[in-house]
file upload.pdb (PDB, C-alpha atoms and all ligand atoms)
ATOM      1  CA  MET A 134     170.375 -12.332 -20.384  1.00  0.00           C
ATOM      2  CA  ALA A 135     172.978 -12.774 -23.090  1.00  0.00           C
ATOM      3  CA  ILE A 136     173.270 -10.626 -26.204  1.00  0.00           C
ATOM      4  CA  VAL A 137     172.518 -12.650 -29.343  1.00  0.00           C
ATOM      5  CA  ALA A 138     174.515 -11.947 -32.501  1.00  0.00           C
ATOM      6  CA  PRO A 139     173.254 -13.929 -35.522  1.00  0.00           C
ATOM      7  CA  SER A 140     176.059 -14.457 -38.035  1.00  0.00           C
ATOM      8  CA  ILE A 141     174.999 -13.494 -41.552  1.00  0.00           C
ATOM      9  CA  LEU A 142     177.479 -16.033 -42.891  1.00  0.00           C
ATOM     10  CA  SER A 143     174.525 -18.447 -42.718  1.00  0.00           C
ATOM     11  CA  ALA A 144     172.093 -16.001 -44.371  1.00  0.00           C
ATOM     12  CA  ASP A 145     170.951 -16.084 -47.987  1.00  0.00           C
ATOM     13  CA  PHE A 146     172.970 -13.301 -49.606  1.00  0.00           C
ATOM     14  CA  ALA A 147     170.440 -12.988 -52.427  1.00  0.00           C
ATOM     15  CA  ARG A 148     167.872 -12.011 -49.779  1.00  0.00           C
ATOM     16  CA  LEU A 149     170.067 -10.308 -47.253  1.00  0.00           C
ATOM     17  CA  GLY A 150     167.557  -7.564 -46.403  1.00  0.00           C
ATOM     18  CA  GLU A 151     164.787 -10.069 -45.709  1.00  0.00           C
ATOM     19  CA  ASP A 152     167.108 -12.324 -43.751  1.00  0.00           C
ATOM     20  CA  LEU A 153     168.250  -9.392 -41.614  1.00  0.00           C
ATOM     21  CA  ALA A 154     164.606  -8.531 -40.934  1.00  0.00           C
ATOM     22  CA  SER A 155     163.976 -12.139 -39.886  1.00  0.00           C
ATOM     23  CA  VAL A 156     166.547 -11.829 -37.074  1.00  0.00           C
ATOM     24  CA  SER A 157     165.598  -8.313 -36.000  1.00  0.00           C
ATOM     25  CA  ASP A 158     164.773  -9.553 -32.485  1.00  0.00           C
ATOM     26  CA  ALA A 159     168.494  -9.992 -31.885  1.00  0.00           C
ATOM     27  CA  GLU A 160     170.504  -7.136 -30.425  1.00  0.00           C
ATOM     28  CA  TRP A 161     173.531  -7.437 -32.717  1.00  0.00           C
ATOM     29  CA  VAL A 162     174.382  -8.532 -36.277  1.00  0.00           C
ATOM     30  CA  HIS A 163     177.648 -10.480 -36.629  1.00  0.00           C
ATOM     31  CA  VAL A 164     179.541 -10.034 -39.914  1.00  0.00           C
ATOM     32  CA  ASP A 165     182.276 -12.533 -40.805  1.00  0.00           C
ATOM     33  CA  VAL A 166     184.991 -11.090 -43.022  1.00  0.00           C
ATOM     34  CA  MET A 167     187.401 -13.670 -44.484  1.00  0.00           C
ATOM     35  CA  ASP A 168     190.302 -13.082 -46.835  1.00  0.00           C
ATOM     36  CA  GLY A 169     191.358 -16.530 -48.060  1.00  0.00           C
ATOM     37  CA  ARG A 170     194.700 -16.065 -46.282  1.00  0.00           C
ATOM     38  CA  PHE A 171     194.122 -15.871 -42.552  1.00  0.00           C
ATOM     39  CA  VAL A 172     191.381 -18.458 -43.034  1.00  0.00           C
ATOM     40  CA  PRO A 173     190.756 -20.839 -45.949  1.00  0.00           C
ATOM     41  CA  ASN A 174     187.593 -19.097 -47.131  1.00  0.00           C
ATOM     42  CA  LEU A 175     186.568 -15.851 -48.818  1.00  0.00           C
ATOM     43  CA  THR A 176     183.497 -13.910 -47.835  1.00  0.00           C
ATOM     44  CA  ILE A 177     182.656 -10.258 -47.862  1.00  0.00           C
ATOM     45  CA  GLY A 178     184.104  -6.763 -47.605  1.00  0.00           C
ATOM     46  CA  PRO A 179     183.075  -3.236 -46.615  1.00  0.00           C
ATOM     47  CA  LEU A 180     180.516  -2.962 -49.459  1.00  0.00           C
ATOM     48  CA  VAL A 181     178.333  -5.595 -47.839  1.00  0.00           C
ATOM     49  CA  VAL A 182     178.738  -3.969 -44.441  1.00  0.00           C
ATOM     50  CA  GLU A 183     177.492  -0.730 -46.022  1.00  0.00           C
ATOM     51  CA  ALA A 184     174.465  -2.622 -47.347  1.00  0.00           C
ATOM     52  CA  VAL A 185     173.820  -4.153 -43.923  1.00  0.00           C
ATOM     53  CA  ARG A 186     174.079  -0.673 -42.383  1.00  0.00           C
ATOM     54  CA  ARG A 187     171.420   0.595 -44.803  1.00  0.00           C
ATOM     55  CA  SER A 188     169.018  -2.226 -43.948  1.00  0.00           C
ATOM     56  CA  THR A 189     169.267  -2.351 -40.164  1.00  0.00           C
ATOM     57  CA  ASP A 190     169.825  -0.103 -37.160  1.00  0.00           C
ATOM     58  CA  LYS A 191     171.209  -3.014 -35.116  1.00  0.00           C
ATOM     59  CA  PHE A 192     174.684  -2.972 -33.592  1.00  0.00           C
ATOM     60  CA  ILE A 193     177.051  -4.215 -36.323  1.00  0.00           C
ATOM     61  CA  ASP A 194     179.762  -6.512 -34.982  1.00  0.00           C
ATOM     62  CA  CYS A 195     182.502  -7.019 -37.604  1.00  0.00           C
ATOM     63  CA  HIS A 196     184.769 -10.030 -37.132  1.00  0.00           C
ATOM     64  CA  LEU A 197     187.845  -9.603 -39.334  1.00  0.00           C
ATOM     65  CA  MET A 198     189.486 -12.939 -40.133  1.00  0.00           C
ATOM     66  CA  ILE A 199     192.128 -11.319 -42.322  1.00  0.00           C
ATOM     67  CA  VAL A 200     195.879 -10.801 -42.330  1.00  0.00           C
ATOM     68  CA  GLU A 201     197.206  -7.260 -41.833  1.00  0.00           C
ATOM     69  CA  PRO A 202     193.802  -5.994 -40.651  1.00  0.00           C
ATOM     70  CA  ASP A 203     195.187  -2.487 -39.999  1.00  0.00           C
ATOM     71  CA  HIS A 204     194.883  -1.807 -43.744  1.00  0.00           C
ATOM     72  CA  TYR A 205     191.108  -2.332 -43.594  1.00  0.00           C
ATOM     73  CA  THR A 206     189.747  -1.491 -40.150  1.00  0.00           C
ATOM     74  CA  GLY A 207     189.101   2.121 -41.251  1.00  0.00           C
ATOM     75  CA  ALA A 208     187.102   0.964 -44.275  1.00  0.00           C
ATOM     76  CA  PHE A 209     184.846  -1.212 -42.114  1.00  0.00           C
ATOM     77  CA  ILE A 210     184.325   1.631 -39.644  1.00  0.00           C
ATOM     78  CA  ASP A 211     183.448   3.999 -42.510  1.00  0.00           C
ATOM     79  CA  ALA A 212     181.041   1.350 -43.817  1.00  0.00           C
ATOM     80  CA  GLY A 213     179.121   1.487 -40.534  1.00  0.00           C
ATOM     81  CA  ALA A 214     180.633  -1.075 -38.151  1.00  0.00           C
ATOM     82  CA  ASP A 215     179.916  -0.373 -34.469  1.00  0.00           C
ATOM     83  CA  LEU A 216     182.578  -2.774 -33.275  1.00  0.00           C
ATOM     84  CA  VAL A 217     185.590  -4.136 -35.137  1.00  0.00           C
ATOM     85  CA  THR A 218     187.364  -7.267 -33.930  1.00  0.00           C
ATOM     86  CA  VAL A 219     190.815  -8.264 -35.149  1.00  0.00           C
ATOM     87  CA  HIS A 220     192.564 -11.567 -34.486  1.00  0.00           C
ATOM     88  CA  ALA A 221     195.468 -11.522 -32.047  1.00  0.00           C
ATOM     89  CA  GLU A 222     197.255 -14.013 -34.338  1.00  0.00           C
ATOM     90  CA  ALA A 223     197.066 -11.542 -37.251  1.00  0.00           C
ATOM     91  CA  CYS A 224     198.460  -8.529 -35.378  1.00  0.00           C
ATOM     92  CA  PRO A 225     202.171  -8.310 -34.521  1.00  0.00           C
ATOM     93  CA  HIS A 226     201.465  -4.888 -32.973  1.00  0.00           C
ATOM     94  CA  LEU A 227     198.158  -5.669 -31.324  1.00  0.00           C
ATOM     95  CA  HIS A 228     198.143  -2.611 -29.051  1.00  0.00           C
ATOM     96  CA  ARG A 229     198.582  -0.349 -32.078  1.00  0.00           C
ATOM     97  CA  SER A 230     195.808  -2.131 -34.000  1.00  0.00           C
ATOM     98  CA  ILE A 231     193.404  -1.669 -31.081  1.00  0.00           C
ATOM     99  CA  GLN A 232     194.296   2.006 -30.674  1.00  0.00           C
ATOM    100  CA  ALA A 233     193.765   2.638 -34.394  1.00  0.00           C
ATOM    101  CA  ILE A 234     190.188   1.310 -34.150  1.00  0.00           C
ATOM    102  CA  LYS A 235     189.396   3.286 -31.003  1.00  0.00           C
ATOM    103  CA  ALA A 236     190.920   6.482 -32.405  1.00  0.00           C
ATOM    104  CA  ARG A 237     188.173   6.437 -35.042  1.00  0.00           C
ATOM    105  CA  GLY A 238     185.446   6.329 -32.424  1.00  0.00           C
ATOM    106  CA  CYS A 239     184.673   2.642 -32.879  1.00  0.00           C
ATOM    107  CA  LYS A 240     184.558  -0.111 -30.263  1.00  0.00           C
ATOM    108  CA  ALA A 241     187.448  -2.585 -30.427  1.00  0.00           C
ATOM    109  CA  GLY A 242     187.614  -6.345 -29.924  1.00  0.00           C
ATOM    110  CA  VAL A 243     190.293  -9.019 -30.160  1.00  0.00           C
ATOM    111  CA  ALA A 244     189.561 -12.587 -31.245  1.00  0.00           C
ATOM    112  CA  LEU A 245     191.478 -15.648 -30.073  1.00  0.00           C
ATOM    113  CA  ASN A 246     191.763 -18.851 -32.080  1.00  0.00           C
ATOM    114  CA  PRO A 247     191.097 -22.085 -30.172  1.00  0.00           C
ATOM    115  CA  HIS A 248     194.803 -22.703 -29.504  1.00  0.00           C
ATOM    116  CA  THR A 249     195.663 -19.155 -28.428  1.00  0.00           C
ATOM    117  CA  PRO A 250     195.892 -18.701 -24.649  1.00  0.00           C
ATOM    118  CA  GLU A 251     193.963 -15.831 -23.072  1.00  0.00           C
ATOM    119  CA  SER A 252     197.220 -14.636 -21.473  1.00  0.00           C
ATOM    120  CA  ILE A 253     198.154 -13.078 -24.835  1.00  0.00           C
ATOM    121  CA  LEU A 254     195.777 -10.269 -23.753  1.00  0.00           C
ATOM    122  CA  ASP A 255     197.454  -9.590 -20.388  1.00  0.00           C
ATOM    123  CA  TYR A 256     198.789  -6.188 -21.428  1.00  0.00           C
ATOM    124  CA  VAL A 257     195.863  -5.013 -23.611  1.00  0.00           C
ATOM    125  CA  LEU A 258     192.792  -6.347 -21.814  1.00  0.00           C
ATOM    126  CA  ASP A 259     192.048  -2.990 -20.173  1.00  0.00           C
ATOM    127  CA  GLU A 260     191.861  -1.381 -23.629  1.00  0.00           C
ATOM    128  CA  LEU A 261     189.220  -3.724 -25.021  1.00  0.00           C
ATOM    129  CA  ASP A 262     185.459  -3.505 -25.349  1.00  0.00           C
ATOM    130  CA  LEU A 263     185.223  -7.205 -26.198  1.00  0.00           C
ATOM    131  CA  VAL A 264     187.181 -10.445 -26.360  1.00  0.00           C
ATOM    132  CA  LEU A 265     185.937 -12.913 -28.962  1.00  0.00           C
ATOM    133  CA  VAL A 266     186.734 -16.479 -27.951  1.00  0.00           C
ATOM    134  CA  MET A 267     186.584 -18.752 -30.996  1.00  0.00           C
ATOM    135  CA  SER A 268     184.887 -22.031 -30.173  1.00  0.00           C
ATOM    136  CA  VAL A 269     185.732 -23.498 -33.624  1.00  0.00           C
ATOM    137  CA  ASN A 270     188.653 -22.959 -35.971  1.00  0.00           C
ATOM    138  CA  PRO A 271     187.574 -19.887 -37.932  1.00  0.00           C
ATOM    139  CA  GLY A 272     186.663 -20.145 -41.597  1.00  0.00           C
ATOM    140  CA  PHE A 273     183.293 -21.844 -41.866  1.00  0.00           C
ATOM    141  CA  GLY A 274     179.844 -21.898 -40.321  1.00  0.00           C
ATOM    142  CA  GLY A 275     178.204 -25.091 -39.149  1.00  0.00           C
ATOM    143  CA  GLN A 276     181.158 -26.676 -37.293  1.00  0.00           C
ATOM    144  CA  SER A 277     180.989 -28.390 -33.898  1.00  0.00           C
ATOM    145  CA  LEU A 278     182.291 -26.597 -30.840  1.00  0.00           C
ATOM    146  CA  ILE A 279     185.697 -27.416 -29.357  1.00  0.00           C
ATOM    147  CA  GLU A 280     185.319 -28.376 -25.681  1.00  0.00           C
ATOM    148  CA  ALA A 281     188.614 -26.783 -24.592  1.00  0.00           C
ATOM    149  CA  VAL A 282     186.975 -23.385 -25.003  1.00  0.00           C
ATOM    150  CA  PHE A 283     185.040 -23.581 -21.722  1.00  0.00           C
ATOM    151  CA  PRO A 284     187.954 -23.312 -19.241  1.00  0.00           C
ATOM    152  CA  LYS A 285     189.364 -20.513 -21.385  1.00  0.00           C
ATOM    153  CA  ILE A 286     186.131 -18.513 -21.100  1.00  0.00           C
ATOM    154  CA  SER A 287     186.044 -19.081 -17.332  1.00  0.00           C
ATOM    155  CA  ARG A 288     189.624 -17.940 -16.837  1.00  0.00           C
ATOM    156  CA  LEU A 289     189.013 -14.854 -18.938  1.00  0.00           C
ATOM    157  CA  ARG A 290     185.831 -13.992 -17.032  1.00  0.00           C
ATOM    158  CA  ALA A 291     187.703 -14.332 -13.726  1.00  0.00           C
ATOM    159  CA  GLU A 292     190.460 -12.014 -14.962  1.00  0.00           C
ATOM    160  CA  ILE A 293     187.958  -9.416 -16.249  1.00  0.00           C
ATOM    161  CA  GLU A 294     186.227  -9.457 -12.860  1.00  0.00           C
ATOM    162  CA  ARG A 295     189.520  -9.297 -10.964  1.00  0.00           C
ATOM    163  CA  ARG A 296     190.368  -6.123 -12.895  1.00  0.00           C
ATOM    164  CA  GLY A 297     186.886  -4.648 -12.438  1.00  0.00           C
ATOM    165  CA  LEU A 298     186.329  -4.307 -16.207  1.00  0.00           C
ATOM    166  CA  SER A 299     183.075  -4.429 -18.167  1.00  0.00           C
ATOM    167  CA  THR A 300     184.628  -6.153 -21.206  1.00  0.00           C
ATOM    168  CA  HIS A 301     182.248  -8.404 -23.128  1.00  0.00           C
ATOM    169  CA  ILE A 302     183.172 -12.017 -23.760  1.00  0.00           C
ATOM    170  CA  GLU A 303     181.756 -13.155 -27.091  1.00  0.00           C
ATOM    171  CA  VAL A 304     181.804 -16.776 -28.223  1.00  0.00           C
ATOM    172  CA  ASP A 305     181.658 -17.784 -31.848  1.00  0.00           C
ATOM    173  CA  GLY A 306     181.266 -21.205 -33.433  1.00  0.00           C
ATOM    174  CA  GLY A 307     178.923 -24.114 -32.780  1.00  0.00           C
ATOM    175  CA  VAL A 308     176.582 -22.144 -30.502  1.00  0.00           C
ATOM    176  CA  LYS A 309     173.098 -23.682 -30.608  1.00  0.00           C
ATOM    177  CA  VAL A 310     169.864 -23.415 -28.658  1.00  0.00           C
ATOM    178  CA  ASP A 311     170.695 -26.533 -26.654  1.00  0.00           C
ATOM    179  CA  ASN A 312     174.302 -25.690 -25.685  1.00  0.00           C
ATOM    180  CA  ALA A 313     174.147 -21.889 -25.281  1.00  0.00           C
ATOM    181  CA  TRP A 314     173.789 -22.242 -21.493  1.00  0.00           C
ATOM    182  CA  ARG A 315     177.225 -23.834 -21.237  1.00  0.00           C
ATOM    183  CA  PHE A 316     178.886 -20.733 -22.723  1.00  0.00           C
ATOM    184  CA  VAL A 317     176.898 -18.407 -20.468  1.00  0.00           C
ATOM    185  CA  GLU A 318     177.686 -20.476 -17.396  1.00  0.00           C
ATOM    186  CA  ALA A 319     181.394 -20.291 -18.257  1.00  0.00           C
ATOM    187  CA  GLY A 320     181.158 -16.487 -18.441  1.00  0.00           C
ATOM    188  CA  ALA A 321     180.261 -15.438 -21.994  1.00  0.00           C
ATOM    189  CA  ASP A 322     177.718 -12.645 -22.444  1.00  0.00           C
ATOM    190  CA  VAL A 323     177.576 -12.321 -26.251  1.00  0.00           C
ATOM    191  CA  LEU A 324     176.605 -15.408 -28.229  1.00  0.00           C
ATOM    192  CA  VAL A 325     177.217 -15.562 -31.976  1.00  0.00           C
ATOM    193  CA  SER A 326     175.067 -18.110 -33.752  1.00  0.00           C
ATOM    194  CA  GLY A 327     174.974 -18.612 -37.501  1.00  0.00           C
ATOM    195  CA  SER A 328     173.526 -21.974 -38.509  1.00  0.00           C
ATOM    196  CA  GLY A 329     171.816 -22.255 -35.103  1.00  0.00           C
ATOM    197  CA  VAL A 330     169.648 -19.195 -35.820  1.00  0.00           C
ATOM    198  CA  PHE A 331     169.397 -19.047 -39.625  1.00  0.00           C
ATOM    199  CA  GLY A 332     168.910 -22.807 -39.866  1.00  0.00           C
ATOM    200  CA  ALA A 333     166.057 -22.806 -37.336  1.00  0.00           C
ATOM    201  CA  LYS A 334     162.460 -23.181 -38.541  1.00  0.00           C
ATOM    202  CA  ASP A 335     161.447 -20.373 -36.213  1.00  0.00           C
ATOM    203  CA  ARG A 336     164.300 -17.867 -36.049  1.00  0.00           C
ATOM    204  CA  ARG A 337     162.603 -15.622 -33.496  1.00  0.00           C
ATOM    205  CA  ALA A 338     162.133 -18.563 -31.152  1.00  0.00           C
ATOM    206  CA  ALA A 339     165.752 -19.651 -31.645  1.00  0.00           C
ATOM    207  CA  ILE A 340     166.998 -16.147 -30.776  1.00  0.00           C
ATOM    208  CA  ALA A 341     164.812 -16.030 -27.667  1.00  0.00           C
ATOM    209  CA  ALA A 342     166.007 -19.466 -26.588  1.00  0.00           C
ATOM    210  CA  VAL A 343     169.692 -18.598 -27.060  1.00  0.00           C
ATOM    211  CA  ARG A 344     169.232 -15.313 -25.184  1.00  0.00           C
ATOM    212  CA  ALA A 345     167.549 -16.984 -22.235  1.00  0.00           C
ATOM    213  CA  ALA A 346     170.034 -19.863 -22.204  1.00  0.00           C
ATOM    214  CA  ALA A 347     169.815 -21.701 -18.917  1.00  0.00           C
ATOM    215  CA  ARG A 348     170.967 -25.083 -17.659  1.00  0.00           C
ATOM    216  CA  PRO A 349     168.274 -27.638 -18.598  1.00  0.00           C
TER
HETATM  217  C1  LIG B 401     183.401 -18.942 -38.219  1.00  0.00           C
HETATM  218  C2  LIG B 401     182.687 -17.632 -38.046  1.00  0.00           C
HETATM  219  C3  LIG B 401     181.420 -17.759 -37.306  1.00  0.00           C
HETATM  220  C4  LIG B 401     180.389 -18.621 -37.991  1.00  0.00           C
HETATM  221  C5  LIG B 401     179.590 -19.276 -36.901  1.00  0.00           C
HETATM  222  O1  LIG B 401     184.655 -18.717 -38.712  1.00  0.00           O
HETATM  223  O2  LIG B 401     183.499 -16.706 -37.336  1.00  0.00           O
HETATM  224  O3  LIG B 401     180.872 -16.480 -36.965  1.00  0.00           O
HETATM  225  O4  LIG B 401     179.518 -17.914 -38.826  1.00  0.00           O
HETATM  226  O5  LIG B 401     178.724 -20.191 -37.497  1.00  0.00           O
HETATM  227  P1  LIG B 401     177.987 -21.318 -36.661  1.00  0.00           P
HETATM  228  O6  LIG B 401     177.176 -20.630 -35.605  1.00  0.00           O
HETATM  229  O7  LIG B 401     177.165 -22.002 -37.698  1.00  0.00           O
HETATM  230  O8  LIG B 401     179.052 -22.198 -36.056  1.00  0.00           O
HETATM  231 ZN    ZN B 402     182.549 -14.801 -36.553  1.00  0.00          ZN
END
call {"tool": "encode", "arguments": {"input": "upload.pdb", "output": "structure tokens"}}
result
Amino acid sequence: MAIVAPSILSADFARLGEDLASVSDAEWVHVDVMDGRFVPNLTIGPLVVEAVRRSTDKFIDCHLMIVEPDHYTGAFIDAGADLVTVHAEACPHLHRSIQAIKARGCKAGVALNPHTPESILDYVLDELDLVLVMSVNPGFGGQSLIEAVFPKISRLRAEIERRGLSTHIEVDGGVKVDNAWRFVEAGADVLVSGSGVFGAKDRRAAIAAVRAAARP
């Protein structure tokens, strides 16, 4: 069974508490932080993560789509993040960025844009709790998945197994009830879904269907 991480980017921020309660069947909550520089969109900061922390006891998965994330990882950890993910493309000293997160007792992830090869992680993979494979170009919810992501997930899963690691592979972007099985079959075990869950008539059913994703 996969872990489901609804992305609150597709929630109604005027009713965030209620929307969080509506997805409380999911194991994780995915928080998309955008700075208008790394990606062409602005979203939220540590204050909202603090508010999420007050309204749920779920595992908070913070996806930082920001330049120079080292300046802010501590603030997100203090706000209550359980896992902080930085983008490889935003970190010239990726090993240092990962260590800084872990030194504060938080789990650490690295995200890869669609064009970034998984080999960029060759010398840090053993340090990671999670690799986030972007299946769309980051910045917006509701986009369609990019097919080239599937061989990347498979290669990463093979490498994680070869090394005997328990690193999660999370996929993010365009994950829906009807295609979730393809990501799981390729080797992902954490599925982010924003519009697929929040846009569903029955959110609980959508979460259950994504979690149980199987080839039709
Ligand atoms: C995109 C974000 C995603 C987004 C996914 O930049 O990282 O987490 O919310 O949204 P959907 O599931 O609608 O593609
Ligand atoms: Zn995300």
call {"tool": "residues_around", "arguments": {"input": "upload.pdb", "residues": "Ile279 of chain A", "least_positions_apart": "6", "cutoff": "9 Å", "atoms": "all atoms listed in the file", "output": "PyMOL selection string"}}
result
chain A and resi 247+267-270+306-307
call {"tool": "residues_near_ligand", "arguments": {"input": "upload.pdb", "ligand": "ligand ZN 402 (chain B)", "cutoff": "6 Å", "atoms": "all atoms listed in the file", "output": "list in words"}}
result
Asp165, His196 and Asp305 of chain A
call {"tool": "closest_atom_pairs", "arguments": {"input": "upload.pdb", "of": "chain A", "to": "ligand LIG 401 (chain B)", "cutoff": "6 Å", "atoms": "only C-alpha atoms and all ligand atoms", "output": "tab-separated table"}}
result
residue	atom	partner	partner_atom	distance
A:Ser140	CA	B:LIG401	O4	5.0
A:Leu142	CA	B:LIG401	O4	4.9
A:Asp165	CA	B:LIG401	O2	5.6
A:Pro271	CA	B:LIG401	O1	3.2
A:Gly272	CA	B:LIG401	O1	3.8
A:Phe273	CA	B:LIG401	O1	4.6
A:Gly274	CA	B:LIG401	O5	3.5
A:Gly275	CA	B:LIG401	O7	3.6
A:Gln276	CA	B:LIG401	O8	5.1
A:Asp305	CA	B:LIG401	O3	5.3
A:Gly306	CA	B:LIG401	O8	3.6
A:Gly307	CA	B:LIG401	O8	3.8
A:Val308	CA	B:LIG401	O6	5.4
A:Ser326	CA	B:LIG401	O6	3.8
A:Gly327	CA	B:LIG401	O6	3.5
A:Ser328	CA	B:LIG401	O7	3.7
A:Gly329	CA	B:LIG401	O6	5.6
call {"tool": "closest_residue", "arguments": {"input": "upload.pdb", "among": "A:Ala138, A:Leu265, A:Val243, A:Leu258", "to": "Arg296 of chain A", "atoms": "only C-alpha atoms"}}
result
A:Leu258
call {"tool": "resolve_selection", "arguments": {"input": "upload.pdb", "expression": "the PyMOL selection byres (((chain A and resi 249) around 10) and not hetatm)", "output": "JSON, numbers by chain"}}
result
{"A": [221, 222, 244, 245, 246, 247, 248, 250, 251, 252, 253, 266, 267, 285]}
call {"tool": "atom_distance", "arguments": {"input": "upload.pdb", "atom1": "atom CA of Val282 of chain A", "atom2": "atom CA of Asp215 of chain A"}}
result
25.9 Å
call {"tool": "resolve_selection", "arguments": {"input": "upload.pdb", "expression": "the PyMOL selection byres (((chain A and resi 184) around 12) and not hetatm)", "output": "VMD selection string"}}
result
chain A and resid 146 148 to 150 153 164 177 to 183 185 to 190 193 209 212 to 214
call {"tool": "closest_residue", "arguments": {"input": "upload.pdb", "among": "A:Ala159, A:Phe171, A:Ala319, A:Lys235", "to": "Ala281 of chain A", "atoms": "all atoms listed in the file"}}
result
A:Ala319
call {"tool": "closest_residue", "arguments": {"input": "upload.pdb", "among": "A:Val343, A:Cys195, A:Ala333, A:Ala338", "to": "Phe316 of chain A", "atoms": "all atoms listed in the file"}}
result
A:Val343
call {"tool": "closest_residue", "arguments": {"input": "upload.pdb", "among": "A:Arg290, A:His220, A:Lys240, A:His163", "to": "Ile136 of chain A", "atoms": "all atoms listed in the file"}}
result
A:His163
call {"tool": "atom_distance", "arguments": {"input": "upload.pdb", "atom1": "atom CA of Gly207 of chain A", "atom2": "atom CA of Thr176 of chain A"}}
result
18.2 Å
call {"tool": "closest_residue", "arguments": {"input": "upload.pdb", "among": "A:Ala154, A:Leu175, A:Leu278, A:Leu298", "to": "Pro139 of chain A", "atoms": "all atoms listed in the file"}}
result
A:Ala154
call {"tool": "residues_near_point", "arguments": {"input": "upload.pdb", "point": "(197.6, -9.3, -17.1)", "cutoff": "12 Å", "atoms": "all atoms listed in the file", "output": "VMD selection string"}}
result
chain A and resid 251 to 260 288 to 289 291 to 293 295 to 296
call {"tool": "atom_distance", "arguments": {"input": "upload.pdb", "atom1": "atom CA of Cys224 of chain A", "atom2": "atom CA of Glu294 of chain A"}}
result
25.6 Å
call {"tool": "decode", "arguments": {"input": "upload.pdb", "residues": "segment 167-178 of chain A", "atoms": "N, CA, C and O atoms", "output": "CSV table (one decimal), in the first residue's frame"}}
result
chain,number,residue,atom,x,y,z
A,167,MET,N,6.4,27.9,-2.3
A,167,MET,CA,7.0,28.5,-3.5
A,167,MET,C,7.3,29.9,-3.3
A,167,MET,O,6.6,30.7,-2.6
A,168,ASP,N,8.4,30.4,-3.9
A,168,ASP,CA,9.0,31.7,-3.6
A,168,ASP,C,8.9,32.7,-4.7
A,168,ASP,O,9.4,33.8,-4.6
A,169,GLY,N,8.3,32.3,-5.9
A,169,GLY,CA,8.3,33.3,-7.0
A,169,GLY,C,9.6,33.4,-7.7
A,169,GLY,O,9.8,34.3,-8.6
A,170,ARG,N,10.6,32.6,-7.3
A,170,ARG,CA,12.0,32.7,-7.9
A,170,ARG,C,12.4,31.4,-8.4
A,170,ARG,O,12.7,31.2,-9.6
A,171,PHE,N,12.4,30.4,-7.6
A,171,PHE,CA,12.7,29.0,-8.1
A,171,PHE,C,11.6,28.5,-9.0
A,171,PHE,O,11.8,27.8,-10.0
A,172,VAL,N,10.4,28.9,-8.7
A,172,VAL,CA,9.2,28.6,-9.5
A,172,VAL,C,8.4,29.9,-9.7
A,172,VAL,O,8.4,30.8,-8.8
A,173,PRO,N,7.6,29.9,-10.8
A,173,PRO,CA,6.9,31.2,-11.1
A,173,PRO,C,5.5,31.2,-10.4
A,173,PRO,O,4.5,31.4,-11.0
A,174,ASN,N,5.6,31.1,-9.0
A,174,ASN,CA,4.4,31.2,-8.3
A,174,ASN,C,4.8,31.4,-6.8
A,174,ASN,O,5.9,31.1,-6.4
A,175,LEU,N,3.9,32.0,-6.1
A,175,LEU,CA,4.1,32.3,-4.6
A,175,LEU,C,3.0,31.6,-3.8
A,175,LEU,O,1.9,31.7,-4.2
A,176,THR,N,3.5,30.9,-2.8
A,176,THR,CA,2.4,30.3,-2.0
A,176,THR,C,2.6,30.7,-0.5
A,176,THR,O,2.2,31.8,-0.1
A,177,ILE,N,3.1,29.8,0.3
A,177,ILE,CA,3.0,30.0,1.7
A,177,ILE,C,4.3,29.8,2.4
A,177,ILE,O,5.3,29.4,1.8
A,178,GLY,N,4.4,30.2,3.7
A,178,GLY,CA,5.6,30.2,4.5
A,178,GLY,C,5.4,29.4,5.8
A,178,GLY,O,4.3,28.8,6.0
